file data10.cif (mmCIF, C-alpha atoms)
data_protein
loop_
_atom_site.label_atom_id
_atom_site.label_comp_id
_atom_site.auth_asym_id
_atom_site.auth_seq_id
_atom_site.Cartn_x
_atom_site.Cartn_y
_atom_site.Cartn_z
CA MET A 825 60.12 30.78 -133.28
CA LYS A 826 63.67 31.07 -134.67
CA LYS A 827 64.05 34.49 -133.05
CA GLU A 828 62.98 33.12 -129.68
CA THR A 829 65.36 30.18 -130.04
CA ALA A 830 68.29 32.53 -130.68
CA ILE A 831 67.36 34.72 -127.73
CA ALA A 832 66.89 31.65 -125.53
CA ILE A 833 70.34 30.26 -126.38
CA LYS A 834 72.10 33.55 -125.66
CA THR A 835 70.15 34.27 -122.48
CA LEU A 836 70.29 30.78 -121.02
CA ALA A 837 74.01 30.45 -121.74
CA ALA A 838 74.81 33.70 -119.91
CA LEU A 839 72.59 32.90 -116.95
CA SER A 840 73.91 29.36 -116.66
CA THR A 841 77.54 30.48 -116.27
CA VAL A 842 76.57 32.25 -113.04
CA TYR A 843 74.14 29.57 -111.92
CA ILE A 844 76.86 26.93 -112.23
CA ALA A 845 78.91 28.88 -109.69
CA SER A 846 75.94 29.28 -107.35
CA ASN A 847 75.14 25.57 -107.48
CA PHE A 848 78.74 24.65 -106.83
CA TYR A 849 78.79 26.66 -103.61
CA ARG A 850 75.56 25.07 -102.41
CA SER A 851 77.03 21.57 -102.61
CA SER A 852 80.76 22.25 -102.33
CA ILE A 853 81.06 21.19 -98.70
CA SER A 854 79.49 17.77 -99.16
CA VAL A 855 82.32 15.62 -100.50
CA ILE A 856 84.99 17.41 -98.42
CA ALA A 857 82.92 17.55 -95.21
CA PRO A 858 84.82 14.78 -93.42
CA ASP A 859 88.16 16.43 -94.32
CA VAL A 860 87.00 19.83 -93.05
CA MET A 861 85.74 18.21 -89.85
CA ASP A 862 89.09 16.52 -89.24
CA GLU A 863 91.28 19.55 -90.00
CA ILE A 864 89.25 22.21 -88.17
CA GLY A 865 87.98 19.88 -85.43
CA LEU A 866 84.26 20.39 -86.05
CA THR A 867 81.53 18.44 -84.29
CA HIS A 868 78.60 16.97 -86.24
CA GLU A 869 76.38 19.77 -84.95
CA GLN A 870 78.91 22.40 -86.10
CA LEU A 871 79.19 20.79 -89.54
CA GLY A 872 75.40 20.97 -89.80
CA VAL A 873 75.58 24.70 -89.13
CA VAL A 874 78.43 25.29 -91.61
CA GLY A 875 76.62 23.29 -94.27
CA GLY A 876 73.26 24.94 -93.68
CA ILE A 877 74.31 28.55 -92.99
CA PHE A 878 74.75 29.13 -96.72
CA PHE A 879 71.02 28.59 -97.09
CA ILE A 880 70.17 30.92 -94.21
CA GLY A 881 72.19 33.70 -95.88
CA PHE A 882 70.43 32.85 -99.11
CA ALA A 883 66.98 32.79 -97.51
CA VAL A 884 67.16 35.94 -95.37
CA PHE A 885 68.22 37.97 -98.39
CA GLN A 886 65.44 36.81 -100.70
CA ILE A 887 63.05 39.63 -99.78
CA PRO A 888 65.69 42.35 -100.32
CA VAL A 889 66.60 40.56 -103.57
CA GLY A 890 62.99 40.73 -104.71
CA ILE A 891 62.90 44.48 -104.07
CA PHE A 892 66.24 44.95 -105.86
CA LEU A 893 65.06 42.93 -108.86
CA ASP A 894 61.98 45.10 -109.33
CA ARG A 895 63.81 48.33 -108.51
CA TYR A 896 67.24 47.98 -110.15
CA GLY A 897 66.81 45.02 -112.49
CA PRO A 898 68.25 41.50 -112.41
CA ARG A 899 71.55 42.22 -114.19
CA LYS A 900 72.83 44.73 -111.63
CA THR A 901 71.37 42.75 -108.72
CA ILE A 902 73.01 39.47 -109.73
CA CYS A 903 76.42 40.87 -110.62
CA CYS A 904 76.79 43.21 -107.63
CA LEU A 905 75.76 40.69 -104.99
CA MET A 906 77.82 37.88 -106.50
CA LEU A 907 80.96 39.95 -105.93
CA MET A 908 80.35 39.19 -102.25
CA THR A 909 80.51 35.49 -103.09
CA VAL A 910 83.91 35.93 -104.74
CA VAL A 911 85.39 37.64 -101.68
CA SER A 912 83.77 35.19 -99.25
CA SER A 913 85.05 32.19 -101.22
CA PHE A 914 88.57 33.45 -100.62
CA GLY A 915 87.64 33.95 -96.96
CA PHE A 916 86.51 30.32 -96.69
CA ALA A 917 89.81 29.21 -98.21
CA VAL A 918 91.80 30.78 -95.35
CA ALA A 919 89.37 30.04 -92.49
CA THR A 920 90.84 28.28 -89.46
CA SER A 921 87.87 28.03 -87.08
CA PHE A 922 84.20 27.18 -86.93
CA SER A 923 83.21 30.85 -86.69
CA GLU A 924 85.33 31.86 -89.70
CA LEU A 925 83.92 29.03 -91.81
CA THR A 926 80.38 29.96 -90.75
CA VAL A 927 80.71 33.68 -91.52
CA SER A 928 82.37 33.05 -94.89
CA ARG A 929 79.77 30.53 -95.98
CA PHE A 930 76.93 32.79 -94.80
CA PHE A 931 78.09 35.61 -97.09
CA ILE A 932 78.71 33.19 -99.93
CA GLY A 933 75.00 32.39 -99.59
CA VAL A 934 74.01 36.07 -99.52
CA GLY A 935 76.02 36.67 -102.70
CA CYS A 936 74.38 33.75 -104.51
CA SER A 937 70.88 34.73 -103.38
CA PRO A 938 69.73 36.62 -106.52
CA VAL A 939 70.95 34.18 -109.16
CA MET A 940 67.99 31.86 -109.63
CA MET A 941 65.27 34.44 -109.06
CA GLY A 942 67.01 36.98 -111.29
CA SER A 943 67.24 34.29 -113.96
CA LEU A 944 63.52 33.53 -113.70
CA VAL A 945 62.65 37.22 -114.00
CA ILE A 946 64.79 37.57 -117.12
CA ILE A 947 63.34 34.52 -118.91
CA SER A 948 59.84 35.59 -117.88
CA ARG A 949 60.36 38.91 -119.68
CA TRP A 950 62.33 37.74 -122.72
CA LEU A 951 60.80 34.34 -123.51
CA SER A 952 57.30 32.90 -123.92
CA THR A 953 55.21 32.33 -120.81
CA GLU A 954 53.96 28.98 -122.12
CA ARG A 955 57.49 27.58 -121.96
CA PHE A 956 58.43 29.16 -118.64
CA ALA A 957 58.87 25.85 -116.78
CA LEU A 958 60.83 24.37 -119.68
CA TYR A 959 63.26 27.29 -119.84
CA ALA A 960 63.58 27.31 -116.06
CA SER A 961 64.38 23.59 -116.16
CA LEU A 962 67.08 24.21 -118.76
CA ILE A 963 68.73 26.81 -116.51
CA VAL A 964 68.50 24.47 -113.53
CA GLY A 965 69.79 21.59 -115.64
CA MET A 966 72.76 23.46 -117.05
CA GLY A 967 73.45 25.08 -113.71
CA GLY A 968 73.52 21.59 -112.26
CA LEU A 969 77.01 21.27 -113.70
CA GLY A 970 78.03 23.19 -110.58
CA ASN A 971 76.65 20.33 -108.46
CA ILE A 972 78.54 17.87 -110.66
CA ILE A 973 81.80 19.81 -110.20
CA SER A 974 81.29 19.67 -106.43
CA THR A 975 81.51 15.86 -106.44
CA THR A 976 84.22 13.77 -108.13
CA PRO A 977 86.18 16.72 -109.63
CA THR A 978 86.23 18.42 -106.23
CA ALA A 979 87.20 15.17 -104.52
CA LEU A 980 90.10 14.65 -106.94
CA LEU A 981 91.37 18.22 -106.54
CA ALA A 982 91.02 17.99 -102.76
CA SER A 983 93.00 14.75 -102.67
CA VAL A 984 95.82 16.37 -104.65
CA ALA A 985 95.89 19.99 -103.44
CA GLY A 986 93.65 20.09 -100.35
CA TRP A 987 90.18 21.50 -99.86
CA ARG A 988 91.33 25.11 -99.45
CA VAL A 989 92.62 25.35 -103.02
CA ILE A 990 89.12 24.54 -104.25
CA PHE A 991 87.77 27.82 -102.91
CA TRP A 992 90.63 29.91 -104.32
CA VAL A 993 89.95 28.46 -107.77
CA SER A 994 86.16 28.74 -107.50
CA GLY A 995 86.37 32.39 -106.44
CA GLY A 996 88.43 33.27 -109.51
CA LEU A 997 86.13 31.38 -111.89
CA THR A 998 83.08 33.03 -110.34
CA ALA A 999 84.56 36.47 -111.04
CA LEU A 1000 85.00 35.46 -114.69
CA ALA A 1001 81.38 34.25 -114.88
CA LEU A 1002 80.19 37.63 -113.59
CA VAL A 1003 82.02 39.47 -116.35
CA ILE A 1004 80.35 37.26 -118.96
CA ALA A 1005 76.89 37.79 -117.43
CA PHE A 1006 77.24 41.56 -117.11
CA LEU A 1007 78.27 41.96 -120.75
CA SER A 1008 75.64 39.55 -122.12
CA LEU A 1009 72.42 40.15 -120.20
CA LYS A 1010 69.72 42.81 -120.45
CA ASP A 1011 66.90 43.27 -117.95
CA ALA A 1012 63.99 43.40 -120.41
CA PRO A 1013 63.18 43.96 -124.10
CA GLU A 1014 62.68 47.46 -125.48
CA GLY A 1015 59.20 48.75 -124.76
CA HIS A 1016 58.71 46.40 -121.81
CA ALA A 1017 56.85 47.77 -118.79
CA PHE A 1018 60.02 47.39 -116.71
CA HIS A 1019 61.61 50.37 -118.46
CA SER A 1020 58.67 52.68 -117.67
CA ARG A 1021 58.08 51.34 -114.16
CA LYS A 1022 57.31 53.64 -111.28
CA ILE A 1023 60.03 53.40 -108.63
CA GLU A 1024 58.28 52.71 -105.35
CA ASN A 1025 59.50 54.09 -102.07
CA MET A 1026 60.72 51.60 -99.49
CA ARG A 1027 57.50 51.75 -97.50
CA ASP A 1028 55.41 50.72 -100.52
CA SER A 1029 57.91 48.01 -101.43
CA LEU A 1030 57.76 46.47 -97.96
CA GLY A 1031 53.98 46.80 -97.96
CA SER A 1032 53.79 44.73 -101.14
CA ILE A 1033 55.74 41.97 -99.40
CA GLY A 1034 53.03 41.89 -96.75
CA ARG A 1035 50.38 41.48 -99.48
CA ILE A 1036 52.33 38.59 -100.97
CA ILE A 1037 52.82 36.77 -97.66
CA SER A 1038 49.18 37.15 -96.64
CA ASP A 1039 47.94 35.55 -99.88
CA ARG A 1040 46.49 32.13 -99.05
CA GLU A 1041 47.61 30.49 -102.29
CA PHE A 1042 51.14 31.75 -101.71
CA GLN A 1043 51.12 30.13 -98.27
CA TYR A 1044 50.09 26.73 -99.65
CA VAL A 1045 52.82 26.74 -102.31
CA PHE A 1046 55.33 28.10 -99.77
CA ALA A 1047 54.73 25.02 -97.59
CA ILE A 1048 55.79 22.50 -100.26
CA ASN A 1049 58.61 24.75 -101.43
CA LEU A 1050 59.95 24.79 -97.87
CA VAL A 1051 60.90 21.11 -97.96
CA ILE A 1052 61.30 19.93 -101.55
CA TYR A 1053 64.89 21.09 -102.10
CA GLY A 1054 65.87 20.56 -98.48
CA THR A 1055 64.82 16.92 -98.74
CA ILE A 1056 67.42 16.04 -101.34
CA MET A 1057 70.10 18.61 -100.41
CA THR A 1058 70.21 17.41 -96.81
CA ILE A 1059 71.40 14.08 -98.17
CA ALA A 1060 73.11 14.93 -101.47
CA ALA A 1061 74.89 18.09 -100.31
CA LEU A 1062 75.81 17.24 -96.70
CA TRP A 1063 74.98 14.03 -94.86
CA GLY A 1064 75.21 11.65 -97.81
CA ALA A 1065 79.02 11.72 -97.69
CA ASN A 1066 79.06 10.89 -93.97
CA PHE A 1067 76.48 8.14 -94.52
CA LEU A 1068 78.60 6.52 -97.24
CA ARG A 1069 81.73 6.78 -95.08
CA ASP A 1070 80.24 5.69 -91.75
CA ILE A 1071 78.07 2.82 -93.01
CA TYR A 1072 79.75 1.70 -96.24
CA GLY A 1073 83.36 2.72 -95.61
CA LEU A 1074 83.80 4.68 -98.86
CA ASP A 1075 86.83 6.95 -99.21
CA VAL A 1076 86.69 10.50 -100.56
CA THR A 1077 86.96 9.47 -104.23
CA ASP A 1078 84.33 6.74 -104.02
CA ARG A 1079 82.01 9.07 -102.10
CA GLY A 1080 82.56 11.67 -104.80
CA ASN A 1081 81.60 9.20 -107.51
CA VAL A 1082 78.29 8.36 -105.84
CA LEU A 1083 77.52 12.03 -105.19
CA PHE A 1084 78.46 12.76 -108.82
CA ALA A 1085 75.77 10.35 -109.99
CA MET A 1086 73.27 11.85 -107.54
CA MET A 1087 73.88 15.36 -108.86
CA LEU A 1088 73.68 14.13 -112.45
CA ALA A 1089 70.29 12.63 -111.62
CA MET A 1090 69.15 16.03 -110.33
CA ILE A 1091 70.17 17.68 -113.61
CA CYS A 1092 68.32 15.09 -115.67
CA SER A 1093 65.22 15.28 -113.51
CA SER A 1094 65.02 19.07 -113.85
CA LEU A 1095 64.88 18.66 -117.62
CA VAL A 1096 62.34 15.84 -117.37
CA TYR A 1097 60.06 17.76 -115.01
CA GLY A 1098 60.28 20.83 -117.25
CA TYR A 1099 59.07 18.68 -120.14
CA LEU A 1100 56.36 16.99 -118.08
CA ASP A 1101 55.03 20.39 -117.04
CA SER A 1102 54.46 21.23 -120.71
CA ILE A 1103 52.34 18.11 -121.32
CA PHE A 1104 50.50 17.71 -117.99
CA ALA A 1105 47.28 19.66 -117.63
CA SER A 1106 47.65 19.71 -113.84
CA ARG A 1107 50.77 21.01 -112.13
CA LYS A 1108 49.31 20.18 -108.75
CA ARG A 1109 48.82 16.53 -109.65
CA LEU A 1110 52.37 16.29 -110.99
CA ILE A 1111 53.78 17.81 -107.79
CA MET A 1112 51.69 15.56 -105.54
CA CYS A 1113 52.81 12.43 -107.42
CA ALA A 1114 56.47 13.43 -107.25
CA ALA A 1115 56.26 14.24 -103.53
CA THR A 1116 54.47 10.99 -102.70
CA THR A 1117 57.07 8.93 -104.56
CA THR A 1118 59.86 10.79 -102.75
CA ILE A 1119 58.28 9.90 -99.40
CA LEU A 1120 58.10 6.26 -100.45
CA ILE A 1121 61.83 6.18 -101.36
CA LEU A 1122 62.77 7.76 -98.01
CA GLY A 1123 60.71 5.09 -96.26
CA ILE A 1124 62.56 2.35 -98.14
CA LEU A 1125 65.95 3.87 -97.22
CA ALA A 1126 64.90 3.94 -93.57
CA ALA A 1127 63.67 0.34 -93.59
CA LEU A 1128 66.65 -1.31 -95.30
CA PRO A 1129 69.59 -2.97 -93.52
CA VAL A 1130 73.12 -2.54 -94.85
CA ILE A 1131 73.01 -3.67 -98.49
CA GLU A 1132 75.39 -3.72 -101.44
CA VAL A 1133 77.03 -0.39 -102.30
CA TRP A 1134 75.56 -0.37 -105.81
CA GLN A 1135 72.08 -0.95 -104.39
CA ILE A 1136 72.19 1.88 -101.86
CA SER A 1137 73.78 4.12 -104.51
CA ALA A 1138 70.92 3.36 -106.90
CA LEU A 1139 68.36 4.30 -104.25
CA LEU A 1140 70.13 7.58 -103.46
CA ILE A 1141 70.33 8.40 -107.15
CA LEU A 1142 66.63 7.60 -107.58
CA LEU A 1143 65.80 9.85 -104.62
CA CYS A 1144 67.63 12.77 -106.25
CA PHE A 1145 65.91 12.18 -109.58
CA VAL A 1146 62.35 11.86 -108.28
CA GLY A 1147 62.69 14.50 -105.55
CA ASN A 1148 63.96 17.38 -107.68
CA TYR A 1149 60.64 18.78 -108.91
CA GLY A 1150 61.21 22.37 -107.81
CA VAL A 1151 60.88 23.84 -111.32
CA VAL A 1152 57.23 22.76 -111.38
CA ILE A 1153 56.61 24.33 -107.98
CA MET A 1154 58.18 27.61 -109.15
CA ALA A 1155 56.02 27.53 -112.28
CA HIS A 1156 52.98 27.13 -110.01
CA GLY A 1157 54.20 30.02 -107.87
CA ARG A 1158 54.91 32.18 -110.94
CA SER A 1159 51.22 32.00 -111.88
CA ILE A 1160 50.23 33.67 -108.59
CA PHE A 1161 51.98 37.01 -109.11
CA PRO A 1162 51.24 39.97 -111.45
CA GLU A 1163 54.11 41.58 -113.40
CA GLU A 1164 54.61 44.46 -110.98
CA LEU A 1165 55.18 41.98 -108.11
CA LEU A 1166 57.04 39.35 -110.12
CA GLY A 1167 60.52 39.84 -108.68
CA ARG A 1168 59.33 40.21 -105.10
CA GLY A 1169 56.83 37.39 -105.42
CA ILE A 1170 59.09 34.64 -106.69
CA ALA A 1171 61.99 35.80 -104.49
CA THR A 1172 59.78 35.67 -101.39
CA LEU A 1173 58.57 32.24 -102.43
CA ASN A 1174 62.18 31.17 -102.92
CA THR A 1175 62.92 32.06 -99.29
CA ALA A 1176 61.21 28.79 -98.43
CA VAL A 1177 63.67 26.74 -100.47
CA PHE A 1178 66.79 27.76 -98.62
CA LEU A 1179 65.25 28.23 -95.21
CA GLY A 1180 64.08 24.63 -95.57
CA VAL A 1181 67.56 23.40 -96.49
CA PHE A 1182 69.03 25.07 -93.42
CA LEU A 1183 66.38 23.64 -91.12
CA LEU A 1184 66.60 20.10 -92.51
CA GLN A 1185 70.40 20.05 -92.63
CA GLY A 1186 70.47 21.40 -89.08
CA MET A 1187 67.96 18.74 -88.04
CA GLY A 1188 70.33 16.19 -89.57
CA GLY A 1189 73.18 17.52 -87.45
CA LEU A 1190 71.14 17.13 -84.27
CA ILE A 1191 70.06 13.60 -85.18
CA ILE A 1192 73.49 12.34 -86.28
CA GLY A 1193 75.19 14.11 -83.38
CA HIS A 1194 72.88 12.37 -80.91
CA PHE A 1195 73.95 8.91 -82.08
CA HIS A 1196 77.66 9.25 -82.94
CA ASP A 1197 80.28 7.26 -81.04
CA GLU A 1198 83.63 8.33 -79.57
CA THR A 1199 85.33 8.12 -83.00
CA GLY A 1200 82.83 10.54 -84.52
CA ALA A 1201 81.15 7.92 -86.72
CA ALA A 1202 77.39 7.43 -86.58
CA PRO A 1203 75.57 4.05 -86.66
CA LEU A 1204 72.95 2.99 -89.18
CA ILE A 1205 70.09 3.80 -86.80
CA ALA A 1206 71.09 7.49 -86.91
CA TYR A 1207 70.60 7.64 -90.65
CA LYS A 1208 67.38 5.63 -90.47
CA VAL A 1209 65.98 8.24 -88.08
CA LEU A 1210 67.17 11.00 -90.42
CA PHE A 1211 65.41 9.47 -93.44
CA LEU A 1212 62.18 8.96 -91.48
CA SER A 1213 62.27 12.48 -90.05
CA ILE A 1214 62.65 14.03 -93.50
CA ALA A 1215 59.78 11.89 -94.78
CA ALA A 1216 57.55 13.04 -91.91
CA VAL A 1217 58.24 16.71 -92.63
CA LEU A 1218 57.51 16.17 -96.33
CA ILE A 1219 54.19 14.45 -95.53
CA LEU A 1220 53.09 17.48 -93.50
CA ALA A 1221 54.04 19.84 -96.35
CA VAL A 1222 52.10 17.77 -98.88
CA LEU A 1223 48.99 17.88 -96.71
CA ILE A 1224 49.17 21.68 -96.59
CA TYR A 1225 49.89 22.03 -100.31
CA SER A 1226 46.96 19.74 -101.17
CA ARG A 1227 44.62 22.63 -100.26
CA SER A 1228 45.97 24.86 -103.04
CA ARG A 1229 44.19 25.65 -106.30
CA ASP A 1230 45.57 23.90 -109.36
CA SER A 1231 47.89 25.73 -111.72
CA LYS A 1232 47.06 24.78 -115.26
CA SER A 1233 49.74 24.13 -117.83
CA PRO A 1234 48.77 23.81 -121.50
CA LYS A 1235 49.39 20.40 -123.02
CA ILE A 1236 50.70 21.86 -126.29
CA PRO A 1237 52.72 25.07 -125.88
CA VAL A 1238 51.72 27.76 -128.36
CA PRO A 1239 54.69 29.69 -129.78
CA PRO A 1240 54.44 33.49 -129.70
CA SER A 1241 53.98 35.30 -132.98
CA THR A 1242 56.87 37.65 -132.28
CA ALA A 1243 59.92 37.67 -130.03
CA PRO A 1244 61.87 40.59 -128.60
CA LYS A 1245 65.30 41.45 -129.91
CA LEU A 1246 68.36 41.41 -127.71
#
call {"tool": "encode", "arguments": {"input": "data10.cif", "output": "structure tokens"}}
result
Amino acid sequence: MKKETAIAIKTLAALSTVYIASNFYRSSISVIAPDVMDEIGLTHEQLGVVGGIFFIGFAVFQIPVGIFLDRYGPRKTICCLMLMTVVSSFGFAVATSFSELTVSRFFIGVGCSPVMMGSLVIISRWLSTERFALYASLIVGMGGLGNIISTTPTALLASVAGWRVIFWVSGGLTALALVIAFLSLKDAPEGHAFHSRKIENMRDSLGSIGRIISDREFQYVFAINLVIYGTIMTIAALWGANFLRDIYGLDVTDRGNVLFAMMLAMICSSLVYGYLDSIFASRKRLIMCAATTTILILGILAALPVIEVWQISALLILLCFVGNYGVVIMAHGRSIFPEELLGRGIATLNTAVFLGVFLLQGMGGLIIGHFHDETGAAPLIAYKVLFLSIAAVLILAVLIYSRSRDSKSPKIPVPPSTAPKL
């Protein structure tokens, strides 16, 4: 147990440095979105594209990432692709048009695409299977510092130096994180099957993707994974800032403070759900309860008139806490795939996460853009329709997921008798 704890600390610390950067880029546009709109002259629809295109880049590269993870290993895959993020962050900092912002953010997403899945492959090989969801939740929780940095700290830096400086600084820090990860991580323990793997040709690799996609259980889990992260990121990472400005009149610092609390709630919930997975016998029941409660909160947000700032902030924070149950879904998905398809399986499943964010954020742009007035502000009815639309999509996903087989999680994790050495 002590050996596993030491390995876990070293591994999770190295992975989290990179995951912090990835999470920052996901959410970095939220608090500064109104400023970017004003300076570049973006419409609401264009902002929806700029916000969501990161997730398209992330999603379309998940299948190649899965092949790279199984073929070359997670360390090389993560570090090489994240170099693209560094360069594209600098590109975003100097962008002067909608097209330049869109291209830069797309390749930022491509560069970040292997981070989470590579992390899951590494902990799956180095640490005990019984604690997979717990370790995944720790990575998500620590990586959530990137979401925290994208709120109040980003708002304060933007108010002093402008939003462009943020992306110069983040690009440099990301490069430093890559150096730490490359020197600290190893793909698998000595004697692991990864080291004696047979390198498939590209035809066989692509054929295995077809086997994964055609699996019925994969399709059911894919459906819920398509909307869970998009539900909260559509609000927390993009339209929440506009909502707080248009309806409650909050300035950039006050918006940042609310978004800070929302991101903090997401970090805490990842840790809580990781723990709940270790004590619940039914992952499916846990996921269904979390999804149903999320739908209820969205319905309340849609039904309420303008209320006190602290009250609406509390509801948004609660939404982020309850709705961030993705680590349990990934643990369910992890149980579907054998070792030889692990990288490709979870990466293909992860395509749903970021495709869903793009689609829901884009849907938000269409809805808000339909209602906005001549000043660019949107009325309360626009956000009510947004909340209801997200809830409707989530209901459909839950109905599909309800047909899946349960994924059992032991109530009392059993520690392994031995642990690999780094």
call {"tool": "residues_near_point", "arguments": {"input": "data10.cif", "point": "(79.0, 32.6, -118.4)", "cutoff": "6 Å", "atoms": "only C-alpha atoms", "output": "PyMOL selection string"}}
result
chain A and resi 838+841-842+1001+1004-1005
call {"tool": "closest_residue", "arguments": {"input": "data10.cif", "among": "A:Ala845, A:Leu1009, A:Ile853, A:Ile1214", "to": "Val964 of chain A", "atoms": "all atoms listed in the file"}}
result
A:Ala845
call {"tool": "resolve_selection", "arguments": {"input": "data10.cif", "expression": "the PyMOL selection byres ((chain A and resi 883-888) around 10)", "output": "PDB file with C-alpha atoms, keeping the file's coordinate frame"}}
result
ATOM      1  CA  ILE A 877      74.310  28.550 -92.990  1.00  0.00           C
ATOM      2  CA  PHE A 878      74.750  29.130 -96.720  1.00  0.00           C
ATOM      3  CA  PHE A 879      71.020  28.590 -97.090  1.00  0.00           C
ATOM      4  CA  ILE A 880      70.170  30.920 -94.210  1.00  0.00           C
ATOM      5  CA  GLY A 881      72.190  33.700 -95.880  1.00  0.00           C
ATOM      6  CA  PHE A 882      70.430  32.850 -99.110  1.00  0.00           C
ATOM      7  CA  VAL A 889      66.600  40.560-103.570  1.00  0.00           C
ATOM      8  CA  GLY A 890      62.990  40.730-104.710  1.00  0.00           C
ATOM      9  CA  ILE A 891      62.900  44.480-104.070  1.00  0.00           C
ATOM     10  CA  PHE A 892      66.240  44.950-105.860  1.00  0.00           C
ATOM     11  CA  LEU A 893      65.060  42.930-108.860  1.00  0.00           C
ATOM     12  CA  GLY A 933      75.000  32.390 -99.590  1.00  0.00           C
ATOM     13  CA  VAL A 934      74.010  36.070 -99.520  1.00  0.00           C
ATOM     14  CA  GLY A 935      76.020  36.670-102.700  1.00  0.00           C
ATOM     15  CA  CYS A 936      74.380  33.750-104.510  1.00  0.00           C
ATOM     16  CA  SER A 937      70.880  34.730-103.380  1.00  0.00           C
ATOM     17  CA  PRO A 938      69.730  36.620-106.520  1.00  0.00           C
ATOM     18  CA  MET A 941      65.270  34.440-109.060  1.00  0.00           C
ATOM     19  CA  SER A1029      57.910  48.010-101.430  1.00  0.00           C
ATOM     20  CA  LEU A1030      57.760  46.470 -97.960  1.00  0.00           C
ATOM     21  CA  ILE A1033      55.740  41.970 -99.400  1.00  0.00           C
ATOM     22  CA  GLY A1167      60.520  39.840-108.680  1.00  0.00           C
ATOM     23  CA  ARG A1168      59.330  40.210-105.100  1.00  0.00           C
ATOM     24  CA  GLY A1169      56.830  37.390-105.420  1.00  0.00           C
ATOM     25  CA  ILE A1170      59.090  34.640-106.690  1.00  0.00           C
ATOM     26  CA  ALA A1171      61.990  35.800-104.490  1.00  0.00           C
ATOM     27  CA  THR A1172      59.780  35.670-101.390  1.00  0.00           C
ATOM     28  CA  LEU A1173      58.570  32.240-102.430  1.00  0.00           C
ATOM     29  CA  ASN A1174      62.180  31.170-102.920  1.00  0.00           C
ATOM     30  CA  THR A1175      62.920  32.060 -99.290  1.00  0.00           C
ATOM     31  CA  ALA A1176      61.210  28.790 -98.430  1.00  0.00           C
ATOM     32  CA  VAL A1177      63.670  26.740-100.470  1.00  0.00           C
ATOM     33  CA  PHE A1178      66.790  27.760 -98.620  1.00  0.00           C
ATOM     34  CA  LEU A1179      65.250  28.230 -95.210  1.00  0.00           C
ATOM     35  CA  GLY A1180      64.080  24.630 -95.570  1.00  0.00           C
ATOM     36  CA  VAL A1181      67.560  23.400 -96.490  1.00  0.00           C
ATOM     37  CA  PHE A1182      69.030  25.070 -93.420  1.00  0.00           C
TER      38      PHE A1182
END
call {"tool": "closest_residue", "arguments": {"input": "data10.cif", "among": "A:Leu1140, A:Ile1111, A:Ala979, A:Ile833", "to": "Arg1079 of chain A", "atoms": "all atoms listed in the file"}}
result
A:Ala979
call {"tool": "resolve_selection", "arguments": {"input": "data10.cif", "expression": "the PyMOL selection byres ((chain A and resi 899) around 10)", "output": "VMD selection string"}}
result
chain A and resid 839 893 896 to 898 900 to 904 938 to 939 942 to 943 946 1002 1005 to 1012
call {"tool": "resolve_selection", "arguments": {"input": "data10.cif", "expression": "the PyMOL selection byres ((chain A and resi 1148) around 7)", "output": "mmCIF file with C-alpha atoms, in the frame of the given file"}}
result
data_model
loop_
_atom_site.group_PDB
_atom_site.id
_atom_site.type_symbol
_atom_site.label_atom_id
_atom_site.label_comp_id
_atom_site.auth_asym_id
_atom_site.auth_seq_id
_atom_site.Cartn_x
_atom_site.Cartn_y
_atom_site.Cartn_z
ATOM 1 C CA TYR A 1053 64.890 21.090 -102.100
ATOM 2 C CA MET A 1090 69.150 16.030 -110.330
ATOM 3 C CA SER A 1093 65.220 15.280 -113.510
ATOM 4 C CA SER A 1094 65.020 19.070 -113.850
ATOM 5 C CA CYS A 1144 67.630 12.770 -106.250
ATOM 6 C CA PHE A 1145 65.910 12.180 -109.580
ATOM 7 C CA VAL A 1146 62.350 11.860 -108.280
ATOM 8 C CA GLY A 1147 62.690 14.500 -105.550
ATOM 9 C CA TYR A 1149 60.640 18.780 -108.910
ATOM 10 C CA GLY A 1150 61.210 22.370 -107.810
#
call {"tool": "closest_residue", "arguments": {"input": "data10.cif", "among": "A:Met906, A:Ser974, A:Tyr959, A:Ala1206", "to": "Asp1070 of chain A", "atoms": "all atoms listed in the file"}}
result
A:Ala1206
call {"tool": "atom_distance", "arguments": {"input": "data10.cif", "atom1": "atom CA of Gly996 of chain A", "atom2": "atom CA of Glu863 of chain A"}}
result
24.0 Å
call {"tool": "closest_residue", "arguments": {"input": "data10.cif", "among": "A:Phe1161, A:Tyr1207, A:Phe916, A:Phe1067", "to": "Val989 of chain A", "atoms": "only C-alpha atoms"}}
result
A:Phe916
call {"tool": "atom_distance", "arguments": {"input": "data10.cif", "atom1": "atom CA of Val1151 of chain A", "atom2": "atom CA of Phe848 of chain A"}}
result
18.4 Å
call {"tool": "closest_residue", "arguments": {"input": "data10.cif", "among": "A:Ala999, A:Leu962, A:Leu969, A:Val1045", "to": "Ala832 of chain A", "atoms": "all atoms listed in the file"}}
result
A:Leu962
call {"tool": "atom_distance", "arguments": {"input": "data10.cif", "atom1": "atom CA of Phe1084 of chain A", "atom2": "atom CA of Thr975 of chain A"}}
result
5.0 Å
call {"tool": "residues_around", "arguments": {"input": "data10.cif", "residues": "Asp862 of chain A", "least_positions_apart": "2", "cutoff": "12 Å", "atoms": "only C-alpha atoms", "output": "list of chain:residue names"}}
result
A:Ile856, A:Ala857, A:Pro858, A:Asp859, A:Val860, A:Ile864, A:Gly865, A:Leu866, A:Thr867, A:His868, A:Leu871, A:Thr920, A:Ser921, A:Phe922, A:Trp987, A:Thr1199, A:Gly1200, A:Ala1201
call {"tool": "closest_residue", "arguments": {"input": "data10.cif", "among": "A:Ala1138, A:Ile1219, A:Leu1062, A:Val993", "to": "Val873 of chain A", "atoms": "all atoms listed in the file"}}
result
A:Leu1062
